[in-house]
$ cat run25.tsv   # TSV, C-alpha atoms
chain	number	residue	atom	x	y	z
A	22	MET	CA	0.00	0.00	0.00
A	23	ALA	CA	2.51	2.54	-1.24
A	24	ARG	CA	2.16	6.26	-1.70
A	25	LEU	CA	3.55	7.05	-5.14
A	26	ILE	CA	3.98	10.32	-7.00
A	27	PRO	CA	4.33	9.89	-10.77
A	28	ASP	CA	5.41	12.91	-12.77
A	29	THR	CA	3.76	13.44	-16.14
A	30	SER	CA	6.40	11.46	-18.03
A	31	ALA	CA	5.62	8.41	-15.92
A	32	LEU	CA	1.88	8.95	-15.77
A	33	VAL	CA	1.41	8.92	-19.55
A	34	LYS	CA	2.96	5.47	-19.59
A	35	LEU	CA	0.01	4.16	-17.61
A	36	TYR	CA	-2.24	5.19	-20.50
A	37	ARG	CA	-0.08	4.52	-23.53
A	38	ASN	CA	2.22	1.70	-24.55
A	39	GLU	CA	5.64	3.21	-25.15
A	40	PRO	CA	9.20	2.69	-23.93
A	41	ASN	CA	9.28	2.03	-20.17
A	42	SER	CA	5.51	1.57	-19.90
A	43	PRO	CA	5.88	-1.98	-18.50
A	44	GLN	CA	8.44	-0.79	-15.95
A	45	VAL	CA	6.21	2.04	-14.77
A	46	ARG	CA	3.12	-0.16	-14.61
A	47	ALA	CA	5.06	-2.74	-12.63
A	48	CYS	CA	5.67	-0.11	-9.93
A	49	VAL	CA	1.97	0.58	-9.40
A	50	HIS	CA	-0.26	-1.87	-7.58
A	51	SER	CA	-3.94	-1.97	-6.88
A	52	ASP	CA	-3.72	-0.80	-3.28
A	53	ASP	CA	-1.29	2.05	-3.95
A	54	THR	CA	-2.22	5.69	-3.59
A	55	LEU	CA	-1.23	7.83	-6.56
A	56	LEU	CA	-0.61	11.50	-5.96
A	57	ILE	CA	0.03	13.93	-8.80
A	58	ALA	CA	1.24	17.51	-8.93
A	59	GLN	CA	-1.37	20.00	-10.05
A	60	ILE	CA	0.73	20.94	-13.09
A	61	THR	CA	0.40	17.36	-14.37
A	62	SER	CA	-3.05	18.08	-15.79
A	63	LEU	CA	-1.61	20.93	-17.83
A	64	GLU	CA	1.38	18.93	-19.03
A	65	ILE	CA	-0.84	16.06	-20.18
A	66	VAL	CA	-2.97	18.35	-22.33
A	67	SER	CA	0.05	20.27	-23.59
A	68	ALA	CA	1.98	17.13	-24.55
A	69	PHE	CA	-0.81	15.54	-26.55
A	70	SER	CA	-1.66	18.89	-28.13
A	71	GLY	CA	1.98	19.29	-29.13
A	72	LEU	CA	1.90	15.93	-30.87
A	73	VAL	CA	-1.21	17.03	-32.76
A	74	ARG	CA	0.49	20.26	-33.85
A	75	GLN	CA	3.37	18.17	-35.20
A	76	ASN	CA	0.91	15.92	-37.06
A	77	LEU	CA	2.11	12.89	-35.08
A	78	ILE	CA	-1.31	12.01	-33.73
A	79	LEU	CA	-4.83	13.03	-34.68
A	80	PRO	CA	-6.86	15.54	-32.67
A	81	ASN	CA	-9.46	12.93	-31.75
A	82	GLU	CA	-6.70	10.58	-30.56
A	83	ALA	CA	-5.28	13.28	-28.31
A	84	ALA	CA	-8.76	14.08	-27.06
A	85	SER	CA	-9.33	10.42	-26.17
A	86	TYR	CA	-6.18	10.25	-24.04
A	87	ILE	CA	-7.00	13.52	-22.33
A	88	ARG	CA	-10.55	12.32	-21.71
A	89	ALA	CA	-9.25	9.07	-20.22
A	90	PHE	CA	-6.89	10.94	-17.91
A	91	ARG	CA	-9.57	13.39	-16.81
A	92	GLY	CA	-11.93	10.50	-16.22
A	93	ASP	CA	-9.44	9.13	-13.71
A	94	LEU	CA	-8.82	12.42	-11.89
A	95	ALA	CA	-11.07	11.48	-9.01
A	96	ARG	CA	-8.81	8.51	-8.40
A	97	TYR	CA	-5.71	10.63	-7.90
A	98	GLN	CA	-4.83	12.84	-4.99
A	99	ILE	CA	-3.90	16.22	-6.40
A	100	ILE	CA	-1.03	18.10	-4.75
A	101	SER	CA	-2.01	21.75	-4.94
A	102	ALA	CA	0.55	24.18	-6.32
A	103	ASP	CA	0.36	26.38	-3.25
A	104	VAL	CA	2.81	28.93	-1.90
A	105	TYR	CA	4.91	26.23	-0.23
A	106	VAL	CA	5.26	24.32	-3.49
A	107	PHE	CA	6.29	27.49	-5.32
A	108	GLN	CA	8.82	28.38	-2.63
A	109	GLU	CA	10.29	24.91	-2.90
A	110	ALA	CA	10.29	25.13	-6.70
A	111	GLU	CA	12.26	28.38	-6.49
A	112	ARG	CA	14.79	26.77	-4.20
A	113	LEU	CA	15.18	23.86	-6.60
A	114	LEU	CA	15.71	26.18	-9.55
A	115	ASP	CA	18.32	28.13	-7.60
A	116	PHE	CA	20.20	24.90	-6.94
A	117	TYR	CA	19.74	22.91	-10.14
A	118	ALA	CA	18.77	25.16	-13.05
A	119	ILE	CA	22.36	25.62	-14.21
A	120	SER	CA	23.97	22.41	-13.07
A	121	HIS	CA	21.17	19.98	-14.01
A	122	ASN	CA	19.15	21.90	-16.61
A	123	LEU	CA	16.14	21.92	-14.28
A	124	ARG	CA	13.22	23.87	-15.77
A	125	PRO	CA	10.17	25.44	-14.11
A	126	PRO	CA	7.81	22.51	-14.87
A	127	ASP	CA	10.43	20.12	-13.50
A	128	SER	CA	10.79	22.21	-10.38
A	129	LEU	CA	7.03	22.26	-9.77
A	130	GLN	CA	6.80	18.49	-10.20
A	131	LEU	CA	9.64	17.83	-7.81
A	132	ALA	CA	8.65	20.54	-5.34
A	133	SER	CA	5.19	18.99	-5.10
A	134	ALA	CA	6.75	15.66	-4.23
A	135	LEU	CA	9.13	17.14	-1.66
A	136	VAL	CA	6.42	19.19	0.07
A	137	GLU	CA	4.13	16.16	0.15
A	138	GLN	CA	6.99	14.04	1.48
A	139	ARG	CA	7.37	16.41	4.42
A	140	ASN	CA	3.68	16.17	5.23
A	141	VAL	CA	3.23	12.43	4.80
A	142	PRO	CA	6.17	10.31	3.64
A	143	ILE	CA	5.92	8.88	0.15
A	144	ASN	CA	7.41	5.60	-0.98
A	145	ALA	CA	8.65	6.67	-4.38
A	146	PHE	CA	8.71	9.34	-7.03
A	147	LEU	CA	8.04	7.82	-10.44
A	148	THR	CA	9.65	9.40	-13.47
A	149	THR	CA	11.25	8.38	-16.73
A	150	ASP	CA	12.77	11.82	-17.21
A	151	LYS	CA	16.54	11.91	-16.72
A	152	VAL	CA	16.66	15.49	-15.43
A	153	LEU	CA	13.97	14.87	-12.83
A	154	CYS	CA	15.43	11.50	-11.93
A	155	ASN	CA	18.86	12.96	-11.19
A	156	VAL	CA	17.61	15.92	-9.18
A	157	ALA	CA	15.03	13.87	-7.27
A	158	LYS	CA	17.77	11.47	-6.21
A	159	SER	CA	19.95	14.39	-5.18
A	160	GLU	CA	17.08	15.59	-3.02
A	161	GLY	CA	16.87	12.22	-1.30
A	162	LEU	CA	13.75	10.80	-2.90
A	163	THR	CA	13.44	7.17	-3.87
A	164	VAL	CA	13.05	7.22	-7.63
A	165	LEU	CA	11.43	4.48	-9.71
A	166	PRO	CA	11.47	2.77	-12.14
B	11	MET	CA	-24.45	4.76	-37.82
B	12	ILE	CA	-25.45	4.69	-34.17
B	13	THR	CA	-26.50	1.39	-32.59
B	14	ILE	CA	-27.42	0.93	-28.96
B	15	VAL	CA	-26.12	-2.31	-27.46
B	16	SER	CA	-25.91	-3.74	-23.96
B	17	ALA	CA	-22.62	-4.99	-22.63
B	18	ILE	CA	-21.22	-6.57	-19.46
B	19	TYR	CA	-17.95	-5.42	-17.92
B	20	GLU	CA	-15.85	-8.40	-16.77
B	21	ASN	CA	-12.17	-8.51	-15.85
B	22	GLY	CA	-11.31	-5.33	-17.68
B	23	ILE	CA	-13.20	-6.25	-20.85
B	24	LEU	CA	-16.50	-4.79	-22.02
B	25	ARG	CA	-18.35	-7.75	-23.56
B	26	PRO	CA	-21.41	-7.05	-25.78
B	27	LYS	CA	-24.48	-9.16	-25.04
B	28	GLN	CA	-25.05	-9.71	-28.75
B	29	PRO	CA	-22.73	-10.01	-31.79
B	30	LEU	CA	-21.71	-6.73	-33.39
B	31	PRO	CA	-21.53	-6.21	-37.18
B	32	LEU	CA	-17.87	-5.16	-37.04
B	33	LYS	CA	-14.69	-6.38	-38.70
B	34	GLN	CA	-11.97	-7.73	-36.42
B	35	GLY	CA	-9.77	-4.94	-35.09
B	36	THR	CA	-12.30	-2.17	-35.70
B	37	VAL	CA	-11.81	0.68	-33.23
B	38	VAL	CA	-15.00	2.33	-32.02
B	39	GLU	CA	-15.72	5.14	-29.59
B	40	PHE	CA	-18.94	5.33	-27.65
B	41	PRO	CA	-20.54	7.17	-24.76
B	42	LEU	CA	-20.94	4.95	-21.72
B	43	ASN	CA	-24.17	4.98	-19.73
B	44	LEU	CA	-23.01	4.13	-16.20
B	45	PRO	CA	-25.67	2.80	-13.83
B	46	GLU	CA	-25.74	4.36	-10.35
B	47	GLU	CA	-24.71	1.13	-8.63
B	48	ALA	CA	-21.60	0.78	-10.80
B	49	SER	CA	-19.60	3.20	-8.72
B	50	VAL	CA	-15.87	3.41	-9.32
B	51	PRO	CA	-13.84	1.81	-6.54
B	52	ALA	CA	-11.69	4.12	-4.45
B	53	ARG	CA	-8.60	2.23	-5.53
B	54	PHE	CA	-7.92	0.76	-8.91
B	55	SER	CA	-5.53	-1.58	-10.51
B	56	TRP	CA	-3.16	-0.69	-13.28
B	57	GLU	CA	-1.90	-4.24	-13.37
B	58	ASP	CA	-4.90	-5.53	-15.29
B	59	GLY	CA	-6.14	-2.25	-16.68
B	60	PRO	CA	-5.99	-1.82	-20.43
B	61	ILE	CA	-3.41	0.51	-21.92
B	62	LEU	CA	-5.16	2.66	-24.49
B	63	ALA	CA	-4.03	1.99	-28.04
B	64	LEU	CA	-5.52	5.00	-29.69
B	65	ASP	CA	-2.87	6.12	-32.15
B	66	SER	CA	-0.22	4.89	-34.56
B	67	PHE	CA	2.53	7.18	-33.25
B	68	ASP	CA	5.49	4.98	-32.34
B	69	GLY	CA	7.34	7.69	-30.43
B	70	SER	CA	7.20	8.64	-26.80
B	71	VAL	CA	4.86	11.20	-25.25
B	72	SER	CA	7.43	11.47	-22.47
B	73	ASP	CA	9.92	12.80	-25.01
B	74	GLU	CA	7.40	15.44	-26.04
B	75	ILE	CA	6.96	16.42	-22.38
B	76	ARG	CA	10.75	16.83	-22.05
B	77	ARG	CA	10.88	18.83	-25.27
B	78	GLN	CA	8.22	21.21	-24.01
B	79	ARG	CA	9.87	21.53	-20.60
B	80	ASP	CA	13.10	22.48	-22.34
B	81	GLU	CA	11.47	25.18	-24.47
B	82	GLU	CA	12.59	28.59	-23.40

$ encode --input "run25.tsv" --output "C-alpha cells"
Amino acid sequence: MARLIPDTSALVKLYRNEPNSPQVRACVHSDDTLLIAQITSLEIVSAFSGLVRQNLILPNEAASYIRAFRGDLARYQIISADVYVFQEAERLLDFYAISHNLRPPDSLQLASALVEQRNVPINAFLTTDKVLCNVAKSEGLTVLP
Amino acid sequence: MITIVSAIYENGILRPKQPLPLKQGTVVEFPLNLPEEASVPARFSWEDGPILALDSFDGSVSDEIRRQRDEE
C-alpha cells in the first residue's frame, strides 16, 4: 500500500504503450495511492496537443487520451501548487537550473513531491525523465522505475 | 451509424451481449451509460487495466513532455 507520486512522463505510460511503460506499470499496484502535482493536468494536455500540432497524432486521438486521464482524476490525490510548493520550486531552480538543466515545470513536479513528502512520507517518485530523476535522487527521494 | 447495445464489464473487458456487425480490429468510440450502482472503486488496478491503443505514433509522449519543458 505505497504512496507514489508519478510525474507526467511516468503517468502517460500508464495510458499509452511506449518505452518504459511496462516498468512504470510494474511499480503501481492496486492498493497504492497515486498523488500527482497540479501541473500534471496541464502537461498532459500540452503534450498531446503538441503531438497534434506536429501531425504525429490526430486531434481525436489526443482528445481520447485527455478524456481518459480526466476520467481518472477522481482517483488521484492532487497536490495543490500552493505557496509552499512554489517556494520549494524556487529553491530547486536556484540549486539545479544551471547544473542539471532543471526547468520550471520540473521544479514544480519535484517541489510537489518534496512538500508532500514532508507532510506524509511517500514511498517513491516515479519518473522516466533523466533530469527529474537525477535531481530527485539528489534531493533524497526514492526514484522508480 | 449509431447502434445501442448492452454490454457486461468483466475482468477489464466490455463484452457485448449480442454479436456486433464489425470487422476484427475495428476501433469504435462510444458514450458509456453508467448505472448508479456501478460506482468506481476508491482504488484501482493498473496491473490488469488496459493501456489505451488510440494512435499509430510509435514515439514517446514522455519525449514530447521533455521537449516542451526544455522550451525557453

$ residues_around --input "run25.tsv" --residues "Gly69 in chain B" --least-positions-apart "4" --cutoff "9 Å" --atoms "all atoms listed in the file" --output "number ranges by chain"
A: 39-40, 77; B: 73-74

$ closest_atom_pairs --input "run25.tsv" --of "chain A" --to "chain B" --cutoff "7 Å" --atoms "only C-alpha atoms" --output "CSV"
residue,atom,partner,partner_atom,distance
A:Ser30,CA,B:Ser72,CA,4.6
A:Leu35,CA,B:Ile61,CA,6.6
A:Tyr36,CA,B:Ile61,CA,5.0
A:Arg37,CA,B:Ile61,CA,5.5
A:Asn38,CA,B:Ile61,CA,6.3
A:Glu39,CA,B:Ser70,CA,5.9
A:Pro40,CA,B:Ser70,CA,6.9
A:Arg46,CA,B:Trp56,CA,6.4
A:Val49,CA,B:Trp56,CA,6.6
A:His50,CA,B:Ser55,CA,6.0
A:Ser51,CA,B:Ser55,CA,4.0
A:Asp52,CA,B:Arg53,CA,6.2
A:Glu64,CA,B:Ile75,CA,7.0
A:Ala68,CA,B:Ile75,CA,5.5
A:Leu77,CA,B:Phe67,CA,6.0
A:Ile78,CA,B:Phe67,CA,6.2
A:Glu82,CA,B:Leu64,CA,5.8
A:Arg96,CA,B:Ala52,CA,6.6
A:Arg124,CA,B:Arg79,CA,6.3
A:Pro126,CA,B:Arg79,CA,6.2

$ write_last_selection --input "run25.tsv" --atoms "C-alpha atoms" --output "PDB file, keeping the file's coordinate frame"
ATOM      1  CA  SER A  30       6.400  11.460 -18.030  1.00  0.00           C
ATOM      2  CA  LEU A  35       0.010   4.160 -17.610  1.00  0.00           C
ATOM      3  CA  TYR A  36      -2.240   5.190 -20.500  1.00  0.00           C
ATOM      4  CA  ARG A  37      -0.080   4.520 -23.530  1.00  0.00           C
ATOM      5  CA  ASN A  38       2.220   1.700 -24.550  1.00  0.00           C
ATOM      6  CA  GLU A  39       5.640   3.210 -25.150  1.00  0.00           C
ATOM      7  CA  PRO A  40       9.200   2.690 -23.930  1.00  0.00           C
ATOM      8  CA  ARG A  46       3.120  -0.160 -14.610  1.00  0.00           C
ATOM      9  CA  VAL A  49       1.970   0.580  -9.400  1.00  0.00           C
ATOM     10  CA  HIS A  50      -0.260  -1.870  -7.580  1.00  0.00           C
ATOM     11  CA  SER A  51      -3.940  -1.970  -6.880  1.00  0.00           C
ATOM     12  CA  ASP A  52      -3.720  -0.800  -3.280  1.00  0.00           C
ATOM     13  CA  GLU A  64       1.380  18.930 -19.030  1.00  0.00           C
ATOM     14  CA  ALA A  68       1.980  17.130 -24.550  1.00  0.00           C
ATOM     15  CA  LEU A  77       2.110  12.890 -35.080  1.00  0.00           C
ATOM     16  CA  ILE A  78      -1.310  12.010 -33.730  1.00  0.00           C
ATOM     17  CA  GLU A  82      -6.700  10.580 -30.560  1.00  0.00           C
ATOM     18  CA  ARG A  96      -8.810   8.510  -8.400  1.00  0.00           C
ATOM     19  CA  ARG A 124      13.220  23.870 -15.770  1.00  0.00           C
ATOM     20  CA  PRO A 126       7.810  22.510 -14.870  1.00  0.00           C
TER      21      PRO A 126
END

$ atom_distance --input "run25.tsv" --atom1 "CA of Ser133 in chain A" --atom2 "CA of Ala31 in chain A"
15.1 Å

$ atom_distance --input "run25.tsv" --atom1 "CA of Arg91 in chain A" --atom2 "CA of Ser67 in chain A"
13.6 Å

$ residues_near_point --input "run25.tsv" --point "(5.7, 9.9, -16.2)" --cutoff "10 Å" --atoms "all atoms listed in the file" --output "list in words"
Ile26, Pro27, Asp28, Thr29, Ser30, Ala31, Leu32, Val33, Lys34, Leu35, Asn41, Ser42, Val45, Thr61, Ile65, Phe146, Leu147, Thr148, Thr149 and Asp150 of chain A; Val71, Ser72 and Ile75 of chain B

$ atom_distance --input "run25.tsv" --atom1 "CA of Phe90 in chain A" --atom2 "CA of Leu165 in chain A"
21.1 Å

$ closest_residue --input "run25.tsv" --among "A:Phe69, A:Asn144, A:Val152, A:Ala95" --to "Asn81 in chain A" --atoms "all atoms listed in the file"
A:Phe69

$ residues_around --input "run25.tsv" --residues "range 14-16 of chain B" --least-positions-apart "6" --cutoff "8 Å" --atoms "all atoms listed in the file" --output "PyMOL selection string"
chain B and resi 26-28

$ residues_near_point --input "run25.tsv" --point "(1.8, 27.8, -9.8)" --cutoff "12 Å" --atoms "all atoms listed in the file" --output "PDB file with C-alpha atoms, in the frame of the given file"
ATOM      1  CA  ALA A  58       1.240  17.510  -8.930  1.00  0.00           C
ATOM      2  CA  GLN A  59      -1.370  20.000 -10.050  1.00  0.00           C
ATOM      3  CA  ILE A  60       0.730  20.940 -13.090  1.00  0.00           C
ATOM      4  CA  THR A  61       0.400  17.360 -14.370  1.00  0.00           C
ATOM      5  CA  LEU A  63      -1.610  20.930 -17.830  1.00  0.00           C
ATOM      6  CA  ILE A 100      -1.030  18.100  -4.750  1.00  0.00           C
ATOM      7  CA  SER A 101      -2.010  21.750  -4.940  1.00  0.00           C
ATOM      8  CA  ALA A 102       0.550  24.180  -6.320  1.00  0.00           C
ATOM      9  CA  ASP A 103       0.360  26.380  -3.250  1.00  0.00           C
ATOM     10  CA  VAL A 104       2.810  28.930  -1.900  1.00  0.00           C
ATOM     11  CA  TYR A 105       4.910  26.230  -0.230  1.00  0.00           C
ATOM     12  CA  VAL A 106       5.260  24.320  -3.490  1.00  0.00           C
ATOM     13  CA  PHE A 107       6.290  27.490  -5.320  1.00  0.00           C
ATOM     14  CA  GLN A 108       8.820  28.380  -2.630  1.00  0.00           C
ATOM     15  CA  GLU A 109      10.290  24.910  -2.900  1.00  0.00           C
ATOM     16  CA  ALA A 110      10.290  25.130  -6.700  1.00  0.00           C
ATOM     17  CA  GLU A 111      12.260  28.380  -6.490  1.00  0.00           C
ATOM     18  CA  PRO A 125      10.170  25.440 -14.110  1.00  0.00           C
ATOM     19  CA  PRO A 126       7.810  22.510 -14.870  1.00  0.00           C
ATOM     20  CA  SER A 128      10.790  22.210 -10.380  1.00  0.00           C
ATOM     21  CA  LEU A 129       7.030  22.260  -9.770  1.00  0.00           C
ATOM     22  CA  GLN A 130       6.800  18.490 -10.200  1.00  0.00           C
ATOM     23  CA  ALA A 132       8.650  20.540  -5.340  1.00  0.00           C
ATOM     24  CA  SER A 133       5.190  18.990  -5.100  1.00  0.00           C
TER      25      SER A 133
END
